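A.B. asks: A single structure is presented below for examination.
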Amino acid sequence: MKRIGDILTRNKTTVEVEDGTNYKQVTIRTNYKGVVLRGSRDGATILTKNQFAVSAGQFILSRIDARNGAFGIIPEELEGAIVTNDFLAFDINEGEVERDFFNVFLQSPIFLEACIKASRGNTNRKRVEESFFLNYQVNLPPLSEQHDLINQIIKGRTKIAVAQGEITLQQSLLAKLRQAILQEAIQGKLTVDWRAAHPNVEPASQLLQRIQAEKSRLIAVKKLRFGKPLPKITDAEIPFEIPKGWMWCRLGAIAQHSLGKMLDHGKNKGTPKPYLRNLNVQWFRVVLSDLKEMRFEDHEVEKYSVQKGDIVICEGGYPGQSAIWESDEPIMFQKALHRVRFLANGYDPRLFVQYLKLADEAGFLRKYFTGSGIKHFTGDALHSFAIPLPPLAEQAAILERVEALMINYRSLEAEIEHSCIHAAHLLQAVLKEAFAPVSS
């Protein structure tokens, strides 16, 4: 067993920061992501004048975030950079530890444990206590054995790299498989034989007439606003051909949609209720682990609630990302989300979310976004969004076949996810075994 102080020696090369001199500053990323340049500044803008210089090849840690993996080796480009007393820099004693071995040692659970145990103080102000850290004992093999151990770890890493390369390839192929399933479903290619066996189903044109009749009824009883006439869909808007009996239409022709309530703590009144926001909506699922509350008045509940079967779509953040609300209990929603309800049950929400996902992956959804920096899928854009409308009976057949194919897809996905977890844990297991205390 060795003390960390046997292999590391604190280096305190003091620097008096001078106005008119340019200084490189250091920051250390958490989760083993290393030491990088924070920026370069004139000494006149640096308030703390007593700092420390660091040299390439030194080990450095953050007093505050070492317990979160914020440590590493100073790279060549940061030679001569300065740090405050919030960082501890050390020279590596190469008479006790090979440099390559030490670099591997930094990634071991044993070293992170030392940083965690050396971090003292209350929960929000824990800092590495230097004396405790340097006196912490670790299992370090003799110098003569370190080289052989490094070779073993390098071989292990090579095997892991090969496995991760295979996993990356499988993930790419799986993504293409999912896109192919969605593409063939939305283009009607999965149901070619179904259409041949069902030649007399109600065509989409008649379904659209029924939907428009329901829309007129809702307008008449003032449950839906009349709205602007929708323009004809142009050839340039059609991304692919659809089968005979289908038709292209705009979302606003077959669905009602609206944004949720604006969050304004100063103006919102009523009873606090949990609500959905942008971050709660992911593809195909709603995440309820981090719900916020907003005040809603009684007359706002119907207007701003999501009912079972409604689709919620991100307006910004990740525009177009969507899921179906599956719960029997309604929930409120914020202005960052669209709520979509299809009229006359004329379009299966599951099929629409699948189409949005295809449009996102294939790239033709983004032409409906606005904004030069942060993109938005506005209400007007959603209203004019062109979608293929299959006959109602065929929609059910499409979803049945997609689900059958997705069973195999999910099985493959689970296998790849298991492989990812295994690869991620493999190196840590090798390191843990290498540095575990020797049993007496």
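By convention in this document, the chains of the structure tokens carry letters A, B, ... by their order, each chain's residues are numbered from 1, and ligands are numbered from 1 in the order they are shown.
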Report as a list in words all protein, DNA and RNA residues lying within 6 Å of Ala70 in chain A, evaluated on only C-alpha atoms, omitting residues in the same chain fewer than 4 positions from it.
C.D. replies: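 Contacts, with the query itself left out: Ile28, Arg29, Thr30, Ser62, Asp65 and Ala66 of chain A.
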A.B. asks: Hey, can you spit out that residue selection with N, CA, C and O atoms as a JSON list (two decimals), in the first residue's frame?
C.D. replies:
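Written file, result_21.json:
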```json
[["chain", "number", "residue", "atom", "x", "y", "z"],
["A", 28, "ILE", "N", -11.48, 22.49, -15.33],
["A", 28, "ILE", "CA", -11.46, 21.02, -15.35],
["A", 28, "ILE", "C", -12.89, 20.53, -15.45],
["A", 28, "ILE", "O", -13.73, 20.85, -14.60],
["A", 29, "ARG", "N", -13.15, 19.74, -16.46],
["A", 29, "ARG", "CA", -14.49, 19.19, -16.65],
["A", 29, "ARG", "C", -14.72, 18.00, -15.73],
["A", 29, "ARG", "O", -13.81, 17.25, -15.43],
["A", 30, "THR", "N", -15.96, 17.83, -15.32],
["A", 30, "THR", "CA", -16.31, 16.69, -14.47],
["A", 30, "THR", "C", -16.42, 15.42, -15.31],
["A", 30, "THR", "O", -16.32, 15.45, -16.54],
["A", 62, "SER", "N", -9.73, 19.73, -9.04],
["A", 62, "SER", "CA", -10.57, 20.79, -8.52],
["A", 62, "SER", "C", -10.94, 20.45, -7.08],
["A", 62, "SER", "O", -11.45, 19.37, -6.80],
["A", 65, "ASP", "N", -14.86, 19.94, -7.20],
["A", 65, "ASP", "CA", -15.50, 18.92, -8.03],
["A", 65, "ASP", "C", -14.66, 17.67, -8.26],
["A", 65, "ASP", "O", -15.00, 16.85, -9.12],
["A", 66, "ALA", "N", -13.57, 17.49, -7.51],
["A", 66, "ALA", "CA", -12.79, 16.26, -7.67],
["A", 66, "ALA", "C", -13.66, 15.03, -7.41],
["A", 66, "ALA", "O", -13.53, 14.00, -8.07]]
```
A.B. asks: Got a sec to tell me which of range 43-88 of chain A DSSP assigns to strand (DSSP E), as an MDAnalysis selection string?
C.D. replies: chainID A and resid 50:53 59:62 71:73 82:83 87:88
A.B. asks: Give me a file of those residues, with all heavy atoms, as a tab-separated table (two decimals), in the first residue's frame.
C.D. replies:
```
chain	number	residue	atom	x	y	z
A	50	ASN	N	-3.03	36.90	-6.60
A	50	ASN	CA	-2.10	35.85	-6.16
A	50	ASN	C	-2.61	34.50	-6.66
A	50	ASN	O	-3.59	33.96	-6.14
A	50	ASN	CB	-1.98	35.85	-4.63
A	50	ASN	CG	-1.36	37.14	-4.11
A	50	ASN	OD1	-0.38	37.63	-4.66
A	50	ASN	ND2	-1.94	37.70	-3.07
A	51	GLN	N	-1.94	33.96	-7.67
A	51	GLN	CA	-2.36	32.70	-8.24
A	51	GLN	C	-1.16	31.76	-8.38
A	51	GLN	O	-0.06	32.05	-7.89
A	51	GLN	CB	-3.06	32.93	-9.59
A	51	GLN	CG	-4.28	33.85	-9.48
A	51	GLN	CD	-5.38	33.50	-10.45
A	51	GLN	OE1	-5.44	32.42	-11.01
A	51	GLN	NE2	-6.30	34.45	-10.65
A	52	PHE	N	-1.37	30.61	-9.03
A	52	PHE	CA	-0.33	29.60	-9.17
A	52	PHE	C	-0.17	29.22	-10.64
A	52	PHE	O	-1.15	29.10	-11.36
A	52	PHE	CB	-0.67	28.34	-8.37
A	52	PHE	CG	-0.86	28.60	-6.90
A	52	PHE	CD1	-2.12	28.88	-6.39
A	52	PHE	CD2	0.21	28.58	-6.03
A	52	PHE	CE1	-2.31	29.13	-5.04
A	52	PHE	CE2	0.04	28.82	-4.68
A	52	PHE	CZ	-1.22	29.10	-4.17
A	53	ALA	N	1.10	29.04	-11.06
A	53	ALA	CA	1.37	28.60	-12.43
A	53	ALA	C	1.40	27.08	-12.48
A	53	ALA	O	1.83	26.42	-11.52
A	53	ALA	CB	2.70	29.16	-12.91
A	59	PHE	N	-0.30	16.79	-12.59
A	59	PHE	CA	-1.66	16.37	-12.25
A	59	PHE	C	-2.34	17.52	-11.53
A	59	PHE	O	-1.73	18.22	-10.72
A	59	PHE	CB	-1.62	15.14	-11.34
A	59	PHE	CG	-2.96	14.80	-10.73
A	59	PHE	CD1	-3.97	14.28	-11.51
A	59	PHE	CD2	-3.21	15.03	-9.39
A	59	PHE	CE1	-5.22	13.99	-10.97
A	59	PHE	CE2	-4.45	14.74	-8.82
A	59	PHE	CZ	-5.45	14.23	-9.61
A	60	ILE	N	-3.62	17.73	-11.83
A	60	ILE	CA	-4.36	18.82	-11.20
A	60	ILE	C	-5.77	18.35	-10.89
A	60	ILE	O	-6.35	17.54	-11.62
A	60	ILE	CB	-4.39	20.08	-12.12
A	60	ILE	CG1	-5.00	21.27	-11.38
A	60	ILE	CG2	-5.13	19.79	-13.42
A	60	ILE	CD1	-4.87	22.60	-12.14
A	61	LEU	N	-6.31	18.84	-9.77
A	61	LEU	CA	-7.70	18.52	-9.43
A	61	LEU	C	-8.42	19.77	-8.94
A	61	LEU	O	-7.80	20.74	-8.50
A	61	LEU	CB	-7.77	17.40	-8.39
A	61	LEU	CG	-7.16	17.58	-6.99
A	61	LEU	CD1	-8.04	18.43	-6.08
A	61	LEU	CD2	-6.95	16.22	-6.34
A	62	SER	N	-9.73	19.73	-9.04
A	62	SER	CA	-10.57	20.79	-8.52
A	62	SER	C	-10.94	20.45	-7.08
A	62	SER	O	-11.45	19.37	-6.80
A	62	SER	CB	-11.84	20.91	-9.36
A	62	SER	OG	-12.85	21.65	-8.68
A	71	PHE	N	-10.61	16.04	-12.54
A	71	PHE	CA	-9.16	16.02	-12.37
A	71	PHE	C	-8.54	15.51	-13.67
A	71	PHE	O	-9.24	14.99	-14.55
A	71	PHE	CB	-8.75	15.14	-11.18
A	71	PHE	CG	-9.45	13.82	-11.09
A	71	PHE	CD1	-9.16	12.79	-11.98
A	71	PHE	CD2	-10.42	13.60	-10.12
A	71	PHE	CE1	-9.79	11.56	-11.90
A	71	PHE	CE2	-11.07	12.37	-10.04
A	71	PHE	CZ	-10.76	11.36	-10.93
A	72	GLY	N	-7.23	15.69	-13.80
A	72	GLY	CA	-6.57	15.25	-15.02
A	72	GLY	C	-5.15	15.75	-15.11
A	72	GLY	O	-4.59	16.29	-14.15
A	73	ILE	N	-4.55	15.58	-16.29
A	73	ILE	CA	-3.17	15.97	-16.56
A	73	ILE	C	-3.17	17.26	-17.39
A	73	ILE	O	-3.94	17.41	-18.33
A	73	ILE	CB	-2.44	14.86	-17.33
A	73	ILE	CG1	-2.51	13.53	-16.56
A	73	ILE	CG2	-0.99	15.26	-17.60
A	73	ILE	CD1	-1.84	13.55	-15.21
A	82	ILE	N	-2.46	29.76	-15.43
A	82	ILE	CA	-2.58	30.06	-14.00
A	82	ILE	C	-3.89	29.49	-13.45
A	82	ILE	O	-4.88	29.34	-14.17
A	82	ILE	CB	-2.50	31.57	-13.73
A	82	ILE	CG1	-3.64	32.33	-14.45
A	82	ILE	CG2	-1.15	32.13	-14.14
A	82	ILE	CD1	-3.75	33.80	-14.04
A	83	VAL	N	-3.85	29.20	-12.12
A	83	VAL	CA	-5.03	28.70	-11.42
A	83	VAL	C	-5.12	29.35	-10.06
A	83	VAL	O	-4.11	29.81	-9.52
A	83	VAL	CB	-4.99	27.16	-11.26
A	83	VAL	CG1	-5.03	26.45	-12.61
A	83	VAL	CG2	-3.77	26.71	-10.46
A	87	PHE	N	-7.77	25.07	-7.12
A	87	PHE	CA	-7.19	23.95	-7.84
A	87	PHE	C	-5.88	23.55	-7.17
A	87	PHE	O	-5.10	24.42	-6.75
A	87	PHE	CB	-6.93	24.31	-9.30
A	87	PHE	CG	-8.18	24.68	-10.06
A	87	PHE	CD1	-8.61	26.00	-10.13
A	87	PHE	CD2	-8.94	23.71	-10.70
A	87	PHE	CE1	-9.75	26.35	-10.82
A	87	PHE	CE2	-10.09	24.04	-11.39
A	87	PHE	CZ	-10.50	25.37	-11.45
A	88	LEU	N	-5.63	22.26	-7.11
A	88	LEU	CA	-4.39	21.75	-6.54
A	88	LEU	C	-3.58	21.09	-7.65
A	88	LEU	O	-4.06	20.15	-8.30
A	88	LEU	CB	-4.67	20.73	-5.43
A	88	LEU	CG	-5.55	21.19	-4.26
A	88	LEU	CD1	-5.74	20.06	-3.27
A	88	LEU	CD2	-4.93	22.40	-3.57
```
A.B. asks: What does the distance from CA of Pro388 in chain A to CA of Arg401 in chain A come to in Å, to one decimal?
C.D. replies: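 Atom-to-atom, CA of Pro388 in chain A and CA of Arg401 in chain A are spaced 17.7 Å apart.
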A.B. asks: Pick from A:Arg63, A:Lys12, A:Lys303, A:Arg250: nearest to Leu389 in chain A, with only C-alpha atoms counted?
C.D. replies: A:Arg250
A.B. asks: Could you pull out the helix (DSSP H, G or I) residues of range 292-424 of chain A from DSSP and send them as a count of residues only?
C.D. replies: 62
A.B. asks: My list of candidates is A:Arg99, A:Gln107, A:Glu400, A:Glu94. Which is closest to Asn31 in chain A when distances are computed with only C-alpha atoms?
C.D. replies: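 Under the stated criterion, the closest residue is A:Gln107.
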A.B. asks: Find the spatial neighbours of Arg225 in chain A, counting only C-alpha atoms, within a cut-off of 12 Å - ignore same-chain residues fewer than 2 positions away - and output them as a compact mmCIF listing (two decimals) with N, CA, C and O atoms, in the first residue's frame.
C.D. replies:
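Generated output (out.txt):
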```
# COMPACT_ATOMS: atom_id res chain seq x y z
N LYS A 215 -66.22 18.98 -38.41
CA LYS A 215 -65.60 20.28 -38.16
C LYS A 215 -66.63 21.39 -38.30
O LYS A 215 -66.69 22.31 -37.47
N SER A 216 -67.48 21.33 -39.31
CA SER A 216 -68.53 22.33 -39.51
C SER A 216 -69.50 22.33 -38.35
O SER A 216 -69.97 23.40 -37.90
N ARG A 217 -69.81 21.14 -37.84
CA ARG A 217 -70.74 21.05 -36.70
C ARG A 217 -70.15 21.73 -35.48
O ARG A 217 -70.84 22.47 -34.76
N LEU A 218 -68.87 21.48 -35.20
CA LEU A 218 -68.22 22.07 -34.04
C LEU A 218 -68.10 23.58 -34.17
O LEU A 218 -68.23 24.31 -33.17
N ILE A 219 -67.91 24.05 -35.38
CA ILE A 219 -67.87 25.51 -35.61
C ILE A 219 -69.25 26.11 -35.34
O ILE A 219 -69.37 27.17 -34.73
N ALA A 220 -70.29 25.40 -35.78
CA ALA A 220 -71.66 25.89 -35.61
C ALA A 220 -72.05 26.02 -34.14
O ALA A 220 -72.77 26.94 -33.75
N VAL A 221 -71.57 25.09 -33.30
CA VAL A 221 -71.91 25.14 -31.87
C VAL A 221 -70.84 25.89 -31.07
O VAL A 221 -70.82 25.82 -29.84
N LYS A 222 -69.95 26.59 -31.81
CA LYS A 222 -68.93 27.46 -31.21
C LYS A 222 -67.92 26.70 -30.33
O LYS A 222 -67.38 27.22 -29.36
N LYS A 223 -67.66 25.45 -30.67
CA LYS A 223 -66.62 24.69 -29.98
C LYS A 223 -65.31 24.71 -30.77
O LYS A 223 -64.30 24.18 -30.31
N GLY A 227 -61.48 29.82 -38.58
CA GLY A 227 -60.11 29.77 -39.08
C GLY A 227 -59.99 30.19 -40.54
O GLY A 227 -60.96 30.28 -41.28
N LYS A 228 -58.74 30.41 -40.96
CA LYS A 228 -58.47 30.82 -42.34
C LYS A 228 -58.56 29.62 -43.28
O LYS A 228 -58.24 28.49 -42.88
N PRO A 229 -58.98 29.83 -44.53
CA PRO A 229 -58.98 28.74 -45.51
C PRO A 229 -57.57 28.21 -45.72
O PRO A 229 -56.60 28.97 -45.76
N GLY A 252 -54.49 21.03 -40.20
CA GLY A 252 -55.59 21.89 -39.78
C GLY A 252 -56.93 21.50 -40.36
O GLY A 252 -57.97 21.91 -39.85
N GLN A 256 -57.92 19.65 -34.49
CA GLN A 256 -57.86 20.93 -33.79
C GLN A 256 -56.61 20.90 -32.91
O GLN A 256 -56.23 19.86 -32.37
N HIS A 257 -55.95 22.04 -32.82
CA HIS A 257 -54.72 22.10 -32.06
C HIS A 257 -54.60 23.44 -31.37
O HIS A 257 -55.18 24.45 -31.82
N SER A 258 -53.88 23.48 -30.26
CA SER A 258 -53.70 24.74 -29.52
C SER A 258 -52.45 24.64 -28.66
O SER A 258 -51.98 23.54 -28.34
```
A.B. asks: Give me, as a ChimeraX atom specification, all polymer residues having an atom no more than 6 Å from Ala255 in chain A, counting only C-alpha atoms and skipping those fewer than 3 positions away in the same chain.
C.D. replies: /A:251-252,341-343
A.B. asks: Can you pull out every residue within 10 Å of Glu77 in chain A, counting only C-alpha atoms, but drop anything in the same chain fewer than 4 positions away, and send it as a PyMOL selection string?
C.D. replies: chain A and resi 24+36-37+55-56+81
A.B. asks: Using only C-alpha atoms for the distances, tell me which of A:Asn278, A:Gln395, A:Gln321, A:Thr84 is nearest to Ala185 in chain A.
C.D. replies: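 Among the listed residues, the smallest separation from Ala185 in chain A belongs to A:Gln395.
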A.B. asks: Identify, on the basis of only C-alpha atoms, every residue whose closest approach to Arg125 in chain A does not exceed 12 Å; exclude the query and any residue fewer than 2 positions from it along the same chain; express the result as a PyMOL selection string.
C.D. replies: chain A and resi 63-65+67+119-123+127-129
A.B. asks: Go ahead and write the residues just picked, all heavy atoms, as an mmCIF file, in the first residue's frame.
C.D. replies:
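Result file is again-v6.cif:
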```cif
data_model
loop_
_atom_site.group_PDB
_atom_site.id
_atom_site.type_symbol
_atom_site.label_atom_id
_atom_site.label_comp_id
_atom_site.auth_asym_id
_atom_site.auth_seq_id
_atom_site.Cartn_x
_atom_site.Cartn_y
_atom_site.Cartn_z
ATOM 1 N N ARG A 63 -10.668 21.356 -6.163
ATOM 2 C CA ARG A 63 -11.032 21.102 -4.765
ATOM 3 C C ARG A 63 -12.536 20.825 -4.633
ATOM 4 O O ARG A 63 -12.952 19.984 -3.843
ATOM 5 C CB ARG A 63 -10.697 22.326 -3.893
ATOM 6 C CG ARG A 63 -9.234 22.537 -3.583
ATOM 7 C CD ARG A 63 -9.118 23.733 -2.651
ATOM 8 N NE ARG A 63 -7.759 24.144 -2.392
ATOM 9 C CZ ARG A 63 -7.013 23.698 -1.378
ATOM 10 N NH1 ARG A 63 -7.514 22.798 -0.567
ATOM 11 N NH2 ARG A 63 -5.780 24.148 -1.203
ATOM 12 N N ILE A 64 -13.338 21.542 -5.426
ATOM 13 C CA ILE A 64 -14.795 21.465 -5.294
ATOM 14 C C ILE A 64 -15.362 20.240 -5.998
ATOM 15 O O ILE A 64 -16.229 19.548 -5.462
ATOM 16 C CB ILE A 64 -15.449 22.751 -5.849
ATOM 17 C CG1 ILE A 64 -14.978 23.971 -5.060
ATOM 18 C CG2 ILE A 64 -16.971 22.646 -5.821
ATOM 19 C CD1 ILE A 64 -15.379 25.295 -5.663
ATOM 20 N N ASP A 65 -14.863 19.944 -7.205
ATOM 21 C CA ASP A 65 -15.499 18.918 -8.034
ATOM 22 C C ASP A 65 -14.665 17.670 -8.263
ATOM 23 O O ASP A 65 -14.998 16.845 -9.119
ATOM 24 C CB ASP A 65 -15.883 19.517 -9.396
ATOM 25 C CG ASP A 65 -17.166 20.320 -9.327
ATOM 26 O OD1 ASP A 65 -18.078 19.901 -8.586
ATOM 27 O OD2 ASP A 65 -17.251 21.358 -9.993
ATOM 28 N N ARG A 67 -14.601 15.142 -6.462
ATOM 29 C CA ARG A 67 -15.496 14.023 -6.138
ATOM 30 C C ARG A 67 -16.430 13.688 -7.295
ATOM 31 O O ARG A 67 -17.079 12.641 -7.310
ATOM 32 C CB ARG A 67 -16.312 14.338 -4.877
ATOM 33 C CG ARG A 67 -17.164 15.590 -4.988
ATOM 34 C CD ARG A 67 -17.603 16.075 -3.605
ATOM 35 N NE ARG A 67 -18.183 17.398 -3.660
ATOM 36 C CZ ARG A 67 -19.485 17.632 -3.630
ATOM 37 N NH1 ARG A 67 -20.340 16.635 -3.543
ATOM 38 N NH2 ARG A 67 -19.943 18.864 -3.680
ATOM 39 N N SER A 119 -13.138 14.803 0.299
ATOM 40 C CA SER A 119 -13.983 15.997 0.168
ATOM 41 C C SER A 119 -14.774 16.173 1.454
ATOM 42 O O SER A 119 -15.692 15.400 1.758
ATOM 43 C CB SER A 119 -14.913 15.857 -1.035
ATOM 44 O OG SER A 119 -14.162 15.755 -2.229
ATOM 45 N N ARG A 120 -14.420 17.186 2.212
ATOM 46 C CA ARG A 120 -15.011 17.411 3.534
ATOM 47 C C ARG A 120 -15.841 18.686 3.541
ATOM 48 O O ARG A 120 -15.615 19.601 2.768
ATOM 49 C CB ARG A 120 -13.909 17.510 4.595
ATOM 50 C CG ARG A 120 -12.989 16.285 4.677
ATOM 51 C CD ARG A 120 -13.790 15.021 4.982
ATOM 52 N NE ARG A 120 -12.957 13.850 5.130
ATOM 53 C CZ ARG A 120 -12.395 13.463 6.284
ATOM 54 N NH1 ARG A 120 -12.529 14.204 7.361
ATOM 55 N NH2 ARG A 120 -11.682 12.364 6.338
ATOM 56 N N GLY A 121 -16.807 18.741 4.483
ATOM 57 C CA GLY A 121 -17.665 19.916 4.604
ATOM 58 C C GLY A 121 -19.112 19.522 4.445
ATOM 59 O O GLY A 121 -19.453 18.336 4.296
ATOM 60 N N ASN A 122 -20.011 20.529 4.495
ATOM 61 C CA ASN A 122 -21.426 20.201 4.332
ATOM 62 C C ASN A 122 -21.733 19.907 2.865
ATOM 63 O O ASN A 122 -20.888 20.081 1.983
ATOM 64 C CB ASN A 122 -22.328 21.324 4.882
ATOM 65 C CG ASN A 122 -22.122 22.646 4.169
ATOM 66 O OD1 ASN A 122 -22.012 22.686 2.942
ATOM 67 N ND2 ASN A 122 -22.072 23.738 4.924
ATOM 68 N N THR A 123 -22.936 19.483 2.585
ATOM 69 C CA THR A 123 -23.307 18.971 1.260
ATOM 70 C C THR A 123 -22.996 19.946 0.145
ATOM 71 O O THR A 123 -22.481 19.567 -0.912
ATOM 72 C CB THR A 123 -24.814 18.619 1.233
ATOM 73 O OG1 THR A 123 -25.075 17.679 2.271
ATOM 74 C CG2 THR A 123 -25.201 18.000 -0.109
ATOM 75 N N ARG A 127 -15.115 20.368 -0.048
ATOM 76 C CA ARG A 127 -13.868 20.639 -0.751
ATOM 77 C C ARG A 127 -12.833 19.588 -0.349
ATOM 78 O O ARG A 127 -12.872 19.059 0.763
ATOM 79 C CB ARG A 127 -13.326 22.035 -0.395
ATOM 80 C CG ARG A 127 -14.137 23.185 -0.972
ATOM 81 C CD ARG A 127 -13.646 24.506 -0.402
ATOM 82 N NE ARG A 127 -14.362 25.614 -1.000
ATOM 83 C CZ ARG A 127 -13.931 26.311 -2.057
ATOM 84 N NH1 ARG A 127 -12.770 26.003 -2.607
ATOM 85 N NH2 ARG A 127 -14.643 27.289 -2.554
ATOM 86 N N VAL A 128 -11.911 19.310 -1.276
ATOM 87 C CA VAL A 128 -10.850 18.352 -0.974
ATOM 88 C C VAL A 128 -9.962 18.898 0.136
ATOM 89 O O VAL A 128 -9.449 20.012 0.046
ATOM 90 C CB VAL A 128 -10.010 18.046 -2.229
ATOM 91 C CG1 VAL A 128 -8.739 17.284 -1.852
ATOM 92 C CG2 VAL A 128 -10.824 17.244 -3.233
ATOM 93 N N GLU A 129 -9.809 18.082 1.202
ATOM 94 C CA GLU A 129 -8.883 18.421 2.276
ATOM 95 C C GLU A 129 -7.531 17.820 1.893
ATOM 96 O O GLU A 129 -7.360 16.600 1.867
ATOM 97 C CB GLU A 129 -9.389 17.841 3.598
ATOM 98 C CG GLU A 129 -8.572 18.244 4.802
ATOM 99 C CD GLU A 129 -9.139 17.648 6.072
ATOM 100 O OE1 GLU A 129 -10.272 18.036 6.449
ATOM 101 O OE2 GLU A 129 -8.445 16.788 6.664
#
```
A.B. asks: Please compute the CA of Thr378 in chain A-CA of Leu259 in chain A distance, one decimal, in Å.
C.D. replies: 9.2 Å
A.B. asks: Fewer than 5 positions away in the same chain doesn't count, so skip those; otherwise give me all residues within 7 Å of range 199-208 of chain A, counting only C-alpha atoms, as number ranges by chain.
C.D. replies: A: 245-247, 346, 389-391
A.B. asks: Using C-alpha atoms, can you write the selected residues to a file as an mmCIF file, in the first residue's frame?
C.D. replies:
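Generated output (again-v1.cif):
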```cif
data_model
loop_
_atom_site.group_PDB
_atom_site.id
_atom_site.type_symbol
_atom_site.label_atom_id
_atom_site.label_comp_id
_atom_site.auth_asym_id
_atom_site.auth_seq_id
_atom_site.Cartn_x
_atom_site.Cartn_y
_atom_site.Cartn_z
ATOM 1 C CA GLY A 245 -57.333 5.707 -52.235
ATOM 2 C CA TRP A 246 -55.122 7.834 -49.965
ATOM 3 C CA MET A 247 -54.809 11.619 -50.108
ATOM 4 C CA GLY A 346 -60.444 10.207 -38.403
ATOM 5 C CA LEU A 389 -54.384 10.404 -44.994
ATOM 6 C CA PRO A 390 -54.999 6.649 -45.440
ATOM 7 C CA PRO A 391 -58.481 5.092 -45.272
#
```
